[in-house]
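Comments concern the structure below.
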Amino acid sequence: MSLKVMLDTHDEAALSALASVGLVRRAGRDMEAGKATIEARDATSATVNAEGFTVNITDSGPTDAKCTCPATGICRHILLATLALRADGDDAAEATVEETPTSTAAENLADLDEPAIRKFAGADWDKAVTQARISTEATVAEDGPNLSVQLPDTDKPVVFLAGLGLKGAVYKGPKSAKRRAVTAAALVTRMQAGTQSLDTLIQNEPTAETLAIEFLEATRKAIAAAVRGVFGGGSVIAEETLFDLSISARAQAAPRLTGLLRVLARQARQARTHHFSYNDDRFLSDAAFAFALTQALEAHPSDPALTGVLRRHYAEQDPFPLWLMGAVNWKADGGARGARIYGFSQDGAWYATGQARAAGMDPSFSPRTAYSNPLWGAGVANKLMGKQMTLTGARVSSDRQIAWDHGRGTLSEAGPHPLQAASDVGVMFDQWGDALEDLSKRMPKGLRRTGISLPLLLEVADFGAPDFDDITQRYGLPALDTNRMALTLSVPADRAEDIRWIERNKSTIAAVLCEVTVADMDLLIVPVTLYQNTRRTGFSVLNLTFDRYGRQEGGAGSMGERALSFLKSGLRPSGGAAIGPDPIRWYCEEVLGVVANALRFGGSEEPLRDVRKRAETLGLLSVSTALAQFEAAGSPEAALRVSYLVSELLRDCHITL
């Protein structure tokens with residue numbers, strides 16, 4: 001590469017990636033002020049006097065340039081020299097050199113082969129492949145001949161400079177993570193361009209089948225360090241360690257722990273950068289849960305309820321009737337996505353089936369396509385909603401998951417209305433006390449309940465006015481039972497159109513199928529399927545995450561605009577009584593705040609003593625004991641024990657009258 005080609009590559013955007021926008025702008029002003037003089041220049045190198053300092057720069061680029069000033073790295077004099085050389089295009093020595101047109105960074109990456117990328121990655125290959133597979137939605141943007149790739153789990157982009165290959169890529173994140181991030185960015189770029197599928201990449205280290213004690217101990221230490229770092233002002237090392245652990249091969253044996261570590265790494269970064277969505281209580285709760293999960297996995301490393309399920313074991317079942325009631329288009333934080341279909345049998349048991357792909361696997365897979373595919377030979381899946389069939393030869397797992405590709409379904413031409421059948425077998429509820437009692441029986445306890453999804457069928461008498469939570473970015477939609485008792489349904493901000501549609505059509509809604517999950521310290525009851533009865537169309541089933549109902553794809557407007565539109569909508573109050581022991585909930589939220597303040601500021605022990613005494617008054621003896629231990633030790637580990645206990649109480653508030 002000649003000096004001219006190198007300079008063509010290093011435009012203002014590329015220099016900003018190497019240094020900072022502010023430093024480049026200052027260098028630009030200095031150049032316009034005439035503070036740089038080119039003393040010598042040929043086809044491969046140049047010498048520039050920049051504000052009295054001598055800069056020697058070659059065709060290797062600014063990163064290898066030398067400046068006589070005392071600053072280290074790429075100083076403003078090197079930037080000034082580069083800009084001055086770019087502005088000086090009339091050079092006889094370069095004019096005699098026959099230039100080959102420079103290929104773009106995107107073309108450079110397409111021309112690479114897998115062995116070359118492996119060689120660059122070295123020992124980071126396995127982790128880079130895993131990071132690429134969880135980063136399939138990375139943003140890839142061409143900027144002239146260069147290429148910028150923003151991976152979802154990093155706050156700094158990887159910038160590929162035309163002609164400089166993988167070694168010349170710029171990444172201003174932690175130096176220890178550069179090779180992994182650059183490799184992952186290259187792999188994702190090639191995948192998005194159709195050059196090479198991530199499915200074809202082979203990792204050197206096989207995924208561990210069980211978790212080693214030393215890995216779990218390292219994870220606990222990393223979580224405690226992250227808590228100390230976050231409340232001490234932020235720690236790049238702590239968040240990088242958490243993310244590194246989340247993509248290690250050993251972590252893949254426990255997908256639940258993997259997802260939690262990624263969430264914690266993201267929250268630690270948000271805390272350090274003062275991101276608006278960071279919340280102390282949520283971080284403490286998630287960290288406490290992950291900390292407790294590592295301890296549970298030490299004792300039960302092969303319990304699928306703790307590790308999460310990578311593979312299920314199925315056994316053939318005798319023929320049984322099944323009513324298919326709803327479908328969900330889901331996507332996990334880790335990048336996995338799929339279609340899930342719920343149904344119930346005559347014994348009142350709920351079943352589920354579906355198709356899914358892990359992060360980065362089979363980019364051609366679409367949950368919408370699965371929803372439109374044939375199912376058990378009974379018809380297309382999206383046409384079977386609300387229908388009864390007899391399923392023969394089905395393979396069913398212990399948690400009542402039915403294999404998608406086994407079995408034969410025969411539709412029943414005559415039979416009860418699906419909602420009548422649901423009421424007859426006791427899976428549809430018109431009183432929320434009964435609904436929550438049923439949910440509490442089906443919901444696993446403690447650590448085993450996070451990561452599960454349970455169906456809950458509600459016969460809703462009416463809906464109240466929604467409200468928007470800026471912290472969780474969710475709408476709360478009150479659903480009223482026959483006694484005017486209110487149960488809050490949770491709707492993500494990007495599904496605001498669903499609430500508008502419900503408000504306009506609530507007189508025709510006979511029932512709602514909800515999916516119950518545990519997240520953000522709460523048990524979330526999310527509406528996924530609506531059942532309508534209208535004079536014009538009769539009974540119909542509407543799956544909110546699949547079926548369109550006149551809304552535009554992606555919803556309308558930003559989250560803030562959607563929230564504001566509801567504030568102006570003037571919907572009438574629900575008029576129903578709310579469910580949940582608010583005093584306990586308020587107390588638990590207060591404890592999380594007191595613990596967070598103690599970690600961040602230290603100081604007076606009076607708030608801790610106050611919440612400890614009230615724990616005794618409320619009969620929460622385990623919380624009182626944990627608070628006393630935190631008062632004495634003040635350690636992150638003690639804070640996490642308190643936080644786990646009160647977070648569990650918060651989740652129980654939703655299913656306890």
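We name chains A, B, ... following the order of the structure tokens; residues begin at 1 in each chain, and ligands are numbered from 1 as shown.
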
* Those in region 213-449 of chain A with helix (DSSP H, G or I) from DSSP, as a ChimeraX atom specification -> /A:213-231,236-246,250-253,255-272,280-299,304-307,367-371,381-383,418-425,432-442,446-449

* Surrounding residues of Asp430 (chain A) excluding itself and chain neighbours under 4 positions, 10 Å, only C-alpha atoms, as a ChimeraX atom specification -> /A:423,434-435,457-461,480-483,511

Requested write-out: N, CA, C and O atoms of the selected residues, as a PDB file, in the first residue's frame:
```pdb
ATOM      1  N   SER A 423     -63.643 -23.951  29.738  1.00  0.00           N
ATOM      2  CA  SER A 423     -64.354 -23.754  31.004  1.00  0.00           C
ATOM      3  C   SER A 423     -64.717 -25.093  31.642  1.00  0.00           C
ATOM      4  O   SER A 423     -64.585 -25.272  32.858  1.00  0.00           O
ATOM      5  N   ASP A 434     -59.241 -17.412  41.627  1.00  0.00           N
ATOM      6  CA  ASP A 434     -59.089 -18.798  41.170  1.00  0.00           C
ATOM      7  C   ASP A 434     -57.948 -18.918  40.161  1.00  0.00           C
ATOM      8  O   ASP A 434     -57.199 -19.899  40.169  1.00  0.00           O
ATOM      9  N   ALA A 435     -57.820 -17.913  39.297  1.00  0.00           N
ATOM     10  CA  ALA A 435     -56.761 -17.947  38.286  1.00  0.00           C
ATOM     11  C   ALA A 435     -55.385 -17.939  38.933  1.00  0.00           C
ATOM     12  O   ALA A 435     -54.488 -18.718  38.552  1.00  0.00           O
ATOM     13  N   LEU A 457     -55.499 -18.653  30.808  1.00  0.00           N
ATOM     14  CA  LEU A 457     -56.662 -18.264  30.013  1.00  0.00           C
ATOM     15  C   LEU A 457     -57.670 -17.537  30.902  1.00  0.00           C
ATOM     16  O   LEU A 457     -58.160 -18.090  31.883  1.00  0.00           O
ATOM     17  N   LEU A 458     -57.975 -16.269  30.559  1.00  0.00           N
ATOM     18  CA  LEU A 458     -58.825 -15.415  31.371  1.00  0.00           C
ATOM     19  C   LEU A 458     -60.081 -15.007  30.606  1.00  0.00           C
ATOM     20  O   LEU A 458     -59.994 -14.553  29.454  1.00  0.00           O
ATOM     21  N   GLU A 459     -61.241 -15.169  31.247  1.00  0.00           N
ATOM     22  CA  GLU A 459     -62.500 -14.660  30.694  1.00  0.00           C
ATOM     23  C   GLU A 459     -62.693 -13.249  31.247  1.00  0.00           C
ATOM     24  O   GLU A 459     -63.146 -13.061  32.376  1.00  0.00           O
ATOM     25  N   VAL A 460     -62.322 -12.249  30.462  1.00  0.00           N
ATOM     26  CA  VAL A 460     -62.259 -10.865  30.937  1.00  0.00           C
ATOM     27  C   VAL A 460     -63.628 -10.195  30.797  1.00  0.00           C
ATOM     28  O   VAL A 460     -64.252 -10.237  29.731  1.00  0.00           O
ATOM     29  N   ALA A 461     -64.085  -9.574  31.893  1.00  0.00           N
ATOM     30  CA  ALA A 461     -65.367  -8.865  31.864  1.00  0.00           C
ATOM     31  C   ALA A 461     -65.221  -7.472  31.258  1.00  0.00           C
ATOM     32  O   ALA A 461     -66.130  -6.982  30.594  1.00  0.00           O
ATOM     33  N   LEU A 480     -60.445  -6.805  34.138  1.00  0.00           N
ATOM     34  CA  LEU A 480     -61.389  -6.952  35.244  1.00  0.00           C
ATOM     35  C   LEU A 480     -62.138  -8.273  35.143  1.00  0.00           C
ATOM     36  O   LEU A 480     -62.544  -8.689  34.047  1.00  0.00           O
ATOM     37  N   ASP A 481     -62.318  -8.920  36.309  1.00  0.00           N
ATOM     38  CA  ASP A 481     -63.092 -10.162  36.318  1.00  0.00           C
ATOM     39  C   ASP A 481     -64.556  -9.865  36.635  1.00  0.00           C
ATOM     40  O   ASP A 481     -64.974  -8.703  36.691  1.00  0.00           O
ATOM     41  N   THR A 482     -65.336 -10.894  36.837  1.00  0.00           N
ATOM     42  CA  THR A 482     -66.781 -10.714  37.071  1.00  0.00           C
ATOM     43  C   THR A 482     -67.067 -10.003  38.383  1.00  0.00           C
ATOM     44  O   THR A 482     -68.169  -9.481  38.575  1.00  0.00           O
ATOM     45  N   ASN A 483     -66.083  -9.974  39.302  1.00  0.00           N
ATOM     46  CA  ASN A 483     -66.248  -9.261  40.571  1.00  0.00           C
ATOM     47  C   ASN A 483     -65.618  -7.868  40.534  1.00  0.00           C
ATOM     48  O   ASN A 483     -65.455  -7.243  41.580  1.00  0.00           O
ATOM     49  N   ALA A 511     -62.377 -13.630  25.693  1.00  0.00           N
ATOM     50  CA  ALA A 511     -61.363 -14.161  26.596  1.00  0.00           C
ATOM     51  C   ALA A 511     -59.981 -13.769  26.070  1.00  0.00           C
ATOM     52  O   ALA A 511     -59.829 -13.358  24.913  1.00  0.00           O
TER      53      ALA A 511
END
```

* To do: Using only C-alpha atoms, determine which residues lie at most 8 Å from Thr410 (chain A), disregarding the query and same-chain residues fewer than 5 positions distant; provide the list as a PyMOL selection string.
  => chain A and resi 377-378+389-391

* Return as a PyMOL selection string the full set of residues in region 321-496 of chain A whose backbone-based DSSP assignment is strand (DSSP E). => chain A and resi 321-331+337-344+350-357+388-392+395-396+401-402+408-411+428-429+454-458+462-463+467-469+474-480+485-492

* To do: Skip Val188 (chain A) itself and residues of its chain fewer than 2 positions away, then list as a count of residues only all residues within 8 Å of it, counting only C-alpha atoms.
  => 12

* **Selection near region 396-409 of chain A, 12 Å with only C-alpha atoms, sequence-local residues under 5 positions removed, as a PyMOL selection string** => chain A and resi 304-305+309+311-324+339-345+349-356+370-371+373-381+384+387-391+442+444+452-454

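Closest to Arg614 (chain A) among A:Ala218, A:Leu513, A:Cys588, A:Ala633 is A:Cys588, based on only C-alpha atoms.
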
* Give me the residues within 9 Å of region 636-644 of chain A as a VMD selection string, counting only C-alpha atoms and dropping any in the same chain fewer than 2 places off. => chain A and resid 220 223 to 225 227 to 228 281 284 to 289 291 to 292 588 591 to 592 595 to 596 599 622 to 627 629 to 631 633 to 634 646 to 649

May I have the residues from that selection written out with N, CA and C atoms, as a compact mmCIF listing (two decimals), in the first residue's frame?
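As a result, part.txt now contains:
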```txt
# COMPACT_ATOMS: atom_id res chain seq x y z
N ARG A 220 -19.33 -16.35 40.41
CA ARG A 220 -19.78 -15.66 41.63
C ARG A 220 -18.87 -14.48 41.96
N ILE A 223 -19.63 -11.62 39.63
CA ILE A 223 -20.88 -10.93 39.96
C ILE A 223 -20.67 -9.99 41.14
N ALA A 224 -19.99 -10.48 42.18
CA ALA A 224 -19.71 -9.63 43.35
C ALA A 224 -18.85 -8.43 42.95
N ALA A 225 -17.85 -8.67 42.07
CA ALA A 225 -16.99 -7.58 41.61
C ALA A 225 -17.78 -6.56 40.81
N VAL A 227 -20.99 -5.85 41.19
CA VAL A 227 -21.78 -5.07 42.15
C VAL A 227 -20.90 -4.01 42.81
N ARG A 228 -19.71 -4.43 43.22
CA ARG A 228 -18.79 -3.47 43.84
C ARG A 228 -18.41 -2.36 42.85
N ASP A 281 -32.35 -0.97 41.44
CA ASP A 281 -33.12 -2.09 41.99
C ASP A 281 -33.09 -3.29 41.05
N LEU A 284 -29.62 -4.94 41.07
CA LEU A 284 -29.40 -5.72 42.30
C LEU A 284 -30.20 -7.03 42.26
N SER A 285 -31.44 -6.95 41.81
CA SER A 285 -32.28 -8.14 41.76
C SER A 285 -31.71 -9.17 40.79
N ASP A 286 -31.31 -8.73 39.59
CA ASP A 286 -30.76 -9.66 38.60
C ASP A 286 -29.44 -10.25 39.06
N ALA A 287 -28.60 -9.39 39.66
CA ALA A 287 -27.30 -9.88 40.16
C ALA A 287 -27.51 -10.90 41.28
N ALA A 288 -28.48 -10.63 42.16
CA ALA A 288 -28.75 -11.55 43.26
C ALA A 288 -29.25 -12.89 42.73
N PHE A 289 -30.10 -12.83 41.71
CA PHE A 289 -30.63 -14.07 41.15
C PHE A 289 -29.50 -14.88 40.52
N PHE A 291 -26.32 -14.75 41.21
CA PHE A 291 -25.45 -15.21 42.29
C PHE A 291 -26.04 -16.47 42.93
N ALA A 292 -27.34 -16.43 43.23
CA ALA A 292 -27.99 -17.59 43.85
C ALA A 292 -28.02 -18.77 42.89
N CYS A 588 -40.50 -4.25 50.16
CA CYS A 588 -39.41 -4.89 49.43
C CYS A 588 -38.69 -3.91 48.51
N VAL A 591 -36.45 -1.81 50.60
CA VAL A 591 -35.23 -2.51 51.02
C VAL A 591 -34.19 -2.48 49.90
N LEU A 592 -34.61 -2.73 48.68
CA LEU A 592 -33.66 -2.69 47.56
C LEU A 592 -33.02 -1.30 47.44
N VAL A 595 -30.48 -0.84 50.38
CA VAL A 595 -29.26 -1.63 50.15
C VAL A 595 -28.41 -0.97 49.07
N ALA A 596 -29.05 -0.51 47.99
CA ALA A 596 -28.30 0.16 46.91
C ALA A 596 -27.61 1.41 47.43
N LEU A 599 -24.58 0.52 49.53
CA LEU A 599 -23.44 0.11 48.70
C LEU A 599 -22.79 1.31 48.02
N SER A 622 -36.35 -14.16 57.78
CA SER A 622 -35.17 -14.44 56.96
C SER A 622 -34.60 -13.14 56.38
N VAL A 623 -35.49 -12.20 56.02
CA VAL A 623 -35.03 -10.90 55.52
C VAL A 623 -34.33 -10.14 56.64
N SER A 624 -34.90 -10.19 57.83
CA SER A 624 -34.29 -9.52 58.98
C SER A 624 -32.88 -10.05 59.25
N THR A 625 -32.73 -11.38 59.21
CA THR A 625 -31.41 -11.98 59.44
C THR A 625 -30.41 -11.56 58.37
N ALA A 626 -30.86 -11.57 57.11
CA ALA A 626 -29.97 -11.18 56.01
C ALA A 626 -29.57 -9.72 56.12
N LEU A 627 -30.50 -8.85 56.54
CA LEU A 627 -30.17 -7.43 56.72
C LEU A 627 -29.15 -7.24 57.84
N GLN A 629 -26.87 -9.37 58.71
CA GLN A 629 -25.58 -9.80 58.18
C GLN A 629 -24.97 -8.74 57.27
N PHE A 630 -25.83 -8.08 56.49
CA PHE A 630 -25.32 -7.02 55.62
C PHE A 630 -24.84 -5.82 56.44
N GLU A 631 -25.57 -5.49 57.52
CA GLU A 631 -25.12 -4.41 58.41
C GLU A 631 -23.73 -4.70 58.95
N ALA A 633 -21.38 -6.95 57.73
CA ALA A 633 -20.30 -7.18 56.76
C ALA A 633 -20.18 -6.06 55.73
N GLY A 634 -21.31 -5.56 55.25
CA GLY A 634 -21.29 -4.52 54.23
C GLY A 634 -20.74 -4.98 52.89
N VAL A 646 -35.77 -10.39 48.99
CA VAL A 646 -36.86 -9.44 48.77
C VAL A 646 -37.35 -9.49 47.31
N SER A 647 -36.46 -9.84 46.38
CA SER A 647 -36.90 -9.99 44.99
C SER A 647 -37.86 -11.15 44.84
N GLU A 648 -37.60 -12.24 45.55
CA GLU A 648 -38.53 -13.37 45.52
C GLU A 648 -39.88 -12.98 46.11
N LEU A 649 -39.86 -12.18 47.17
CA LEU A 649 -41.12 -11.73 47.75
C LEU A 649 -41.88 -10.84 46.77
```

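Between Lys172 (chain A) and the candidates A:Glu240, A:Asp126, A:Asp652, A:Asp155, the tightest atom-to-atom separation, counting only C-alpha atoms, involves A:Asp155.
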
* Asked: Given the choices A:Phe53, A:Phe120, A:Tyr278, A:Tyr587, which gets closest to Thr617 (chain A) if the distance is worked out from only C-alpha atoms?
  -> A:Tyr587

* Asked: Which residue out of A:Cys75, A:Ala479, A:Gly234, A:Pro607 has the minimum interatomic distance to Glu503 (chain A) when only C-alpha atoms are used?
  -> A:Ala479

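One distance worth recording is that between CA of Ala128 (chain A) and CA of Thr183 (chain A), which is 5.9 Å.
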
* To do: Please provide the set of residues having any atom within 6 Å of region 162-167 of chain A, restricted to only C-alpha atoms, with same-chain residues fewer than 3 positions apart removed, written as an MDAnalysis selection string.
  => chainID A and resid 9 104:105 145:146

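As for CA of Leu3 (chain A) and CA of Leu85 (chain A), they are spaced 9.3 Å apart.
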
* Would you mind telling me which residue in A:Gly122, A:Pro478, A:Gly386, A:Gly393 lies nearest to Ala465 (chain A) when using only C-alpha atoms? => A:Pro478

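Computed from the coordinates, the CA of Val526 (chain A) to CA of Ser490 (chain A) distance equals 4.9 Å.
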
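Nearest to Val129 (chain A) of all the residues A:Val182, A:Phe231, A:Arg86, A:Ala628 is A:Val182, based on only C-alpha atoms.
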